[in-house]
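> My structure is below; once you've seen it, I'll send some questions.
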Amino acid sequence: MARGKVQMKRIENPVHRQVTFCKRRAGLLKKAKELSVLCDAEIGVFIFSAHGKLYEMATKGTMQGLIERYMKANPAAQTEQAAMEMQPAAVPDANEEINMLKQEIEILQKGLSYMFGGGAGTMTLNELLLLEKHLEIWIYHIRSAKMDIMFQEINLLRNKEGILKAANKYLQDKVEENIGNIADFGEMTTNTDYPLTIPNEIFQF
């Protein structure tokens with residue numbers, strides 16, 4: 001079945017957006033690594049998620065070394081960097097981020113009490129939607145981890161199967177070899193003539 005064309009617009013569903021981000025991020029890093037190996041290129045990649053989490057990869061050396069090389073190769077970047085250093089450093093508003101994290105933790109704790117308490121208590125619609133979003137993301141991560149463990153167990157069983165097959169083949173060869181030796185020994189004993197000679201002195205009285 002042909003795959004439909006993906007529309008280049010923001011994915012509204014947060015779970016689908018997170019899954020697409022994880023898949024395409026891995027594909028982008030893989031392609032960058034392949035390009036570096038095939039063409040002997042130095043590649044640096046920065047990726048910031050929607051939540052501000054940083055993902056980076058430097059195919060050769062370190063990311064700091066690539067940045068320094070970029071600054072030397074781009075005079076405009078050096079001028080911009082010097083202008084930024086002359087400006088006073090902006091102090092990030094950490095309190096806002098802390099308040100957001102506290103609110104998220106509070107909603108999650110409330111959701112756990114709501115679920116394990118059999119639905120006791122009250123939650124607003126927005127809180128339930130946020131809890132549902134987190135649960136879907138957790139389920140996705142749990143399923144991914146489960147699939148990874150299952151693949152590892154399958155590979156382990158395949159390795160064991162290969163070892164057992166090799167051992168079985170070795171034992172079969174040994175059995176056939178021993179059966180052949182026994183047959184050769186039996187044929188040798190039956191084809192050999194042993195004359196029956198009885199000393200005469202036994203019948204002398």
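Every chain in the structure tokens has a letter given in the order shown (A, B, ...), and although residue numbers restart at 1 in each chain, ligands are simply numbered from 1 in the order shown.
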Please identify all polymer residues within 7 Å of region 10-27 of chain A, counting only C-alpha atoms, omitting same-chain residues fewer than 4 positions from it, and present them as a VMD selection string.

chain A and resid 31 133 136 to 137

> Restricting the output to N, CA, C and O atoms, write the selected residues as a PDB file, in the first residue's frame.


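Output file selection_39.pdb follows:
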```pdb
ATOM      1  N   LYS A  31      21.879  10.072   8.732  1.00  0.00           N
ATOM      2  CA  LYS A  31      22.289  10.554   7.417  1.00  0.00           C
ATOM      3  C   LYS A  31      23.553  11.411   7.517  1.00  0.00           C
ATOM      4  O   LYS A  31      24.447  11.330   6.657  1.00  0.00           O
ATOM      5  N   LYS A 133      -2.028  13.392  27.763  1.00  0.00           N
ATOM      6  CA  LYS A 133      -0.877  13.574  26.887  1.00  0.00           C
ATOM      7  C   LYS A 133       0.362  12.894  27.472  1.00  0.00           C
ATOM      8  O   LYS A 133       1.091  12.180  26.776  1.00  0.00           O
ATOM      9  N   GLU A 136       0.095   9.074  27.222  1.00  0.00           N
ATOM     10  CA  GLU A 136       0.344   8.577  25.867  1.00  0.00           C
ATOM     11  C   GLU A 136       1.839   8.583  25.546  1.00  0.00           C
ATOM     12  O   GLU A 136       2.355   7.653  24.914  1.00  0.00           O
ATOM     13  N   ILE A 137       2.523   9.627  25.982  1.00  0.00           N
ATOM     14  CA  ILE A 137       3.976   9.677  25.754  1.00  0.00           C
ATOM     15  C   ILE A 137       4.676   8.573  26.527  1.00  0.00           C
ATOM     16  O   ILE A 137       5.579   7.899  26.019  1.00  0.00           O
TER      17      ILE A 137
END
```

> Using the chain letters and numbers from this document, which residues of region 7-90 of chain A does DSSP assign to strand (DSSP E or B), as an MDAnalysis selection string?

chainID A and resid 44:48 54:58

> Put those residues in a file: all heavy atoms, as a CSV table (one decimal), in the first residue's frame.


```csv
chain,number,residue,atom,x,y,z
A,44,GLY,N,28.7,18.9,11.9
A,44,GLY,CA,28.1,19.2,13.3
A,44,GLY,C,26.7,19.5,13.2
A,44,GLY,O,26.2,20.2,12.3
A,45,VAL,N,25.9,18.9,14.1
A,45,VAL,CA,24.4,19.1,14.0
A,45,VAL,C,23.9,19.5,15.4
A,45,VAL,O,24.3,18.9,16.4
A,45,VAL,CB,23.7,17.8,13.6
A,45,VAL,CG1,22.2,18.0,13.6
A,45,VAL,CG2,24.2,17.3,12.2
A,46,PHE,N,23.2,20.6,15.4
A,46,PHE,CA,22.4,21.0,16.6
A,46,PHE,C,21.0,20.8,16.4
A,46,PHE,O,20.4,21.2,15.4
A,46,PHE,CB,22.7,22.5,16.9
A,46,PHE,CG,24.0,22.8,17.5
A,46,PHE,CD1,24.9,23.6,16.8
A,46,PHE,CD2,24.4,22.3,18.7
A,46,PHE,CE1,26.1,23.9,17.4
A,46,PHE,CE2,25.7,22.5,19.3
A,46,PHE,CZ,26.5,23.4,18.6
A,47,ILE,N,20.3,20.3,17.4
A,47,ILE,CA,18.8,20.1,17.3
A,47,ILE,C,18.2,20.5,18.7
A,47,ILE,O,18.7,20.0,19.7
A,47,ILE,CB,18.4,18.7,17.0
A,47,ILE,CG1,19.0,18.2,15.7
A,47,ILE,CG2,16.9,18.5,17.0
A,47,ILE,CD1,18.7,16.8,15.3
A,48,PHE,N,17.3,21.4,18.7
A,48,PHE,CA,16.6,21.8,19.9
A,48,PHE,C,15.2,21.3,19.7
A,48,PHE,O,14.5,21.7,18.8
A,48,PHE,CB,16.6,23.3,20.1
A,48,PHE,CG,18.0,23.9,20.5
A,48,PHE,CD1,18.9,24.3,19.6
A,48,PHE,CD2,18.3,23.9,21.9
A,48,PHE,CE1,20.1,24.8,20.1
A,48,PHE,CE2,19.5,24.3,22.3
A,48,PHE,CZ,20.4,24.8,21.4
A,54,LEU,N,18.5,20.0,24.1
A,54,LEU,CA,19.5,20.0,23.1
A,54,LEU,C,20.0,18.6,22.7
A,54,LEU,O,20.3,17.8,23.6
A,54,LEU,CB,20.7,20.9,23.6
A,54,LEU,CG,21.9,20.9,22.7
A,54,LEU,CD1,21.6,21.5,21.3
A,54,LEU,CD2,23.1,21.6,23.4
A,55,TYR,N,20.1,18.4,21.4
A,55,TYR,CA,20.7,17.2,20.8
A,55,TYR,C,21.8,17.7,19.9
A,55,TYR,O,21.5,18.5,19.1
A,55,TYR,CB,19.7,16.3,20.1
A,55,TYR,CG,18.5,15.9,20.9
A,55,TYR,CD1,17.3,16.7,21.0
A,55,TYR,CD2,18.5,14.7,21.6
A,55,TYR,CE1,16.3,16.2,21.8
A,55,TYR,CE2,17.5,14.3,22.4
A,55,TYR,CZ,16.3,15.0,22.4
A,55,TYR,OH,15.3,14.6,23.2
A,56,GLU,N,23.0,17.1,20.0
A,56,GLU,CA,24.1,17.5,19.2
A,56,GLU,C,24.9,16.3,18.8
A,56,GLU,O,24.9,15.3,19.5
A,56,GLU,CB,24.9,18.5,19.8
A,56,GLU,CG,25.6,18.0,21.1
A,56,GLU,CD,26.5,19.1,21.7
A,56,GLU,OE1,27.7,19.2,21.3
A,56,GLU,OE2,26.0,19.9,22.6
A,57,MET,N,25.6,16.4,17.6
A,57,MET,CA,26.5,15.4,17.2
A,57,MET,C,27.6,16.0,16.3
A,57,MET,O,27.3,16.8,15.5
A,57,MET,CB,25.7,14.4,16.3
A,57,MET,CG,26.6,13.2,15.9
A,57,MET,SD,25.8,12.1,14.6
A,57,MET,CE,25.8,13.2,13.2
A,58,ALA,N,28.8,15.6,16.6
A,58,ALA,CA,30.0,16.0,15.8
A,58,ALA,C,30.6,14.7,15.3
A,58,ALA,O,31.0,13.8,16.0
A,58,ALA,CB,31.0,16.8,16.7
```

> List as a list of chain:residue names the protein and nucleic acid residues near Thr124 (chain A), meaning an atom at most 12 Å away when only C-alpha atoms are counted, but skip any in the same chain fewer than 4 places from it.

A:Ile107, A:Lys110, A:Gly111, A:Tyr114, A:Leu128, A:Leu129, A:Leu130, A:Leu131

> Using N, CA and C atoms, can you export the residues from the last selection as a short mmCIF file (atom, residue, chain, number, x, y, z; two decimals), in the first residue's frame?


```
data_model
loop_
_atom_site.label_atom_id
_atom_site.label_comp_id
_atom_site.auth_asym_id
_atom_site.auth_seq_id
_atom_site.Cartn_x
_atom_site.Cartn_y
_atom_site.Cartn_z
N ILE A 107 0.28 18.47 38.74
CA ILE A 107 -0.76 17.83 37.95
C ILE A 107 -0.55 16.33 37.87
N LYS A 110 -1.44 14.78 41.16
CA LYS A 110 -2.90 14.79 41.28
C LYS A 110 -3.51 13.70 40.40
N GLY A 111 -2.93 13.52 39.22
CA GLY A 111 -3.43 12.48 38.33
C GLY A 111 -3.21 11.09 38.89
N TYR A 114 -5.72 10.52 41.44
CA TYR A 114 -7.03 10.35 40.78
C TYR A 114 -7.18 8.93 40.24
N LEU A 128 -6.96 17.00 32.90
CA LEU A 128 -7.15 15.66 32.35
C LEU A 128 -6.50 15.53 30.96
N LEU A 129 -6.60 16.56 30.14
CA LEU A 129 -5.97 16.53 28.82
C LEU A 129 -4.45 16.47 28.94
N LEU A 130 -3.90 17.24 29.87
CA LEU A 130 -2.45 17.21 30.08
C LEU A 130 -2.00 15.85 30.60
N LEU A 131 -2.77 15.29 31.52
CA LEU A 131 -2.45 13.97 32.04
C LEU A 131 -2.53 12.92 30.94
#
```

> Pull the helix (DSSP H, G or I) assignments for region 16-144 of chain A out of DSSP run on the backbone, and list those residues as a PyMOL selection string.

chain A and resi 16-39+63-73+75-86+94-116+125-144

> Please write the residues from the selection above to a file, keeping C-alpha atoms, as an mmCIF file, in the first residue's frame.


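The resulting selection_33.cif:
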```cif
data_model
loop_
_atom_site.group_PDB
_atom_site.id
_atom_site.type_symbol
_atom_site.label_atom_id
_atom_site.label_comp_id
_atom_site.auth_asym_id
_atom_site.auth_seq_id
_atom_site.Cartn_x
_atom_site.Cartn_y
_atom_site.Cartn_z
ATOM 1 C CA HIS A 16 2.305 12.200 16.974
ATOM 2 C CA ARG A 17 4.522 15.288 16.970
ATOM 3 C CA GLN A 18 6.819 13.770 19.596
ATOM 4 C CA VAL A 19 6.989 10.409 17.774
ATOM 5 C CA THR A 20 7.752 12.113 14.445
ATOM 6 C CA PHE A 21 10.432 14.237 16.117
ATOM 7 C CA CYS A 22 12.166 11.180 17.589
ATOM 8 C CA LYS A 23 12.067 9.234 14.312
ATOM 9 C CA ARG A 24 13.204 12.085 12.061
ATOM 10 C CA ARG A 25 15.865 13.227 14.519
ATOM 11 C CA ALA A 26 17.383 9.735 14.486
ATOM 12 C CA GLY A 27 17.185 9.650 10.675
ATOM 13 C CA LEU A 28 18.854 13.063 10.362
ATOM 14 C CA LEU A 29 21.739 12.102 12.646
ATOM 15 C CA LYS A 30 22.152 8.803 10.807
ATOM 16 C CA LYS A 31 22.289 10.554 7.417
ATOM 17 C CA ALA A 32 24.836 13.052 8.738
ATOM 18 C CA LYS A 33 27.038 10.235 10.016
ATOM 19 C CA GLU A 34 26.773 8.340 6.717
ATOM 20 C CA LEU A 35 27.690 11.488 4.750
ATOM 21 C CA SER A 36 30.717 12.024 6.984
ATOM 22 C CA VAL A 37 31.936 8.444 6.505
ATOM 23 C CA LEU A 38 31.284 8.258 2.757
ATOM 24 C CA CYS A 39 32.687 11.681 1.832
ATOM 25 C CA MET A 63 31.518 20.255 18.604
ATOM 26 C CA GLN A 64 33.631 23.029 20.159
ATOM 27 C CA GLY A 65 36.351 22.386 17.590
ATOM 28 C CA LEU A 66 33.826 22.574 14.748
ATOM 29 C CA ILE A 67 32.427 25.849 16.108
ATOM 30 C CA GLU A 68 35.909 27.370 16.310
ATOM 31 C CA ARG A 69 36.587 26.262 12.755
ATOM 32 C CA TYR A 70 33.291 27.788 11.628
ATOM 33 C CA MET A 71 34.137 31.081 13.333
ATOM 34 C CA LYS A 72 37.494 31.205 11.539
ATOM 35 C CA ALA A 73 35.922 30.421 8.161
ATOM 36 C CA PRO A 75 34.264 36.552 9.327
ATOM 37 C CA ALA A 76 30.676 37.742 9.709
ATOM 38 C CA ALA A 77 30.167 35.246 12.509
ATOM 39 C CA GLN A 78 33.263 36.579 14.281
ATOM 40 C CA THR A 79 31.921 40.143 14.103
ATOM 41 C CA GLU A 80 28.540 39.015 15.442
ATOM 42 C CA GLN A 81 30.211 37.072 18.230
ATOM 43 C CA ALA A 82 32.278 40.109 19.230
ATOM 44 C CA ALA A 83 29.151 42.292 19.294
ATOM 45 C CA MET A 84 27.349 39.771 21.463
ATOM 46 C CA GLU A 85 30.248 39.643 23.904
ATOM 47 C CA MET A 86 30.147 43.437 24.264
ATOM 48 C CA ALA A 94 14.635 30.587 35.826
ATOM 49 C CA ASN A 95 11.696 31.291 38.105
ATOM 50 C CA GLU A 96 9.215 30.914 35.262
ATOM 51 C CA GLU A 97 10.658 27.544 34.290
ATOM 52 C CA ILE A 98 10.634 26.398 37.911
ATOM 53 C CA ASN A 99 6.991 27.400 38.282
ATOM 54 C CA MET A 100 6.083 25.484 35.103
ATOM 55 C CA LEU A 101 7.856 22.366 36.390
ATOM 56 C CA LYS A 102 6.145 22.667 39.764
ATOM 57 C CA GLN A 103 2.766 22.961 38.052
ATOM 58 C CA GLU A 104 3.502 19.916 35.894
ATOM 59 C CA ILE A 105 4.605 17.862 38.924
ATOM 60 C CA GLU A 106 1.482 18.931 40.814
ATOM 61 C CA ILE A 107 -0.765 17.832 37.946
ATOM 62 C CA LEU A 108 1.025 14.483 37.648
ATOM 63 C CA GLN A 109 0.752 13.829 41.383
ATOM 64 C CA LYS A 110 -2.896 14.787 41.282
ATOM 65 C CA GLY A 111 -3.429 12.483 38.331
ATOM 66 C CA LEU A 112 -1.779 9.564 40.137
ATOM 67 C CA SER A 113 -4.041 10.118 43.141
ATOM 68 C CA TYR A 114 -7.028 10.349 40.782
ATOM 69 C CA MET A 115 -6.162 7.063 39.018
ATOM 70 C CA PHE A 116 -5.145 4.974 42.045
ATOM 71 C CA LEU A 125 -10.629 19.298 31.691
ATOM 72 C CA ASN A 126 -7.262 20.911 30.987
ATOM 73 C CA GLU A 127 -5.636 18.850 33.734
ATOM 74 C CA LEU A 128 -7.146 15.659 32.348
ATOM 75 C CA LEU A 129 -5.972 16.531 28.817
ATOM 76 C CA LEU A 130 -2.452 17.207 30.078
ATOM 77 C CA LEU A 131 -2.447 13.969 32.042
ATOM 78 C CA GLU A 132 -3.690 12.084 28.969
ATOM 79 C CA LYS A 133 -0.877 13.574 26.887
ATOM 80 C CA HIS A 134 1.757 12.471 29.410
ATOM 81 C CA LEU A 135 0.259 8.994 29.656
ATOM 82 C CA GLU A 136 0.344 8.577 25.867
ATOM 83 C CA ILE A 137 3.976 9.677 25.754
ATOM 84 C CA TRP A 138 4.853 7.270 28.579
ATOM 85 C CA ILE A 139 3.049 4.424 26.802
ATOM 86 C CA TYR A 140 5.029 5.155 23.640
ATOM 87 C CA HIS A 141 8.340 5.072 25.537
ATOM 88 C CA ILE A 142 7.323 1.896 27.396
ATOM 89 C CA ARG A 143 6.399 0.164 24.147
ATOM 90 C CA SER A 144 9.671 1.251 22.542
#
```

> Report the distance between CA of Ala41 (chain A) and CA of Thr62 (chain A) in Å, rounded to one decimal place.

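We find that CA of Ala41 (chain A) and CA of Thr62 (chain A) lie 13.7 Å from each other.
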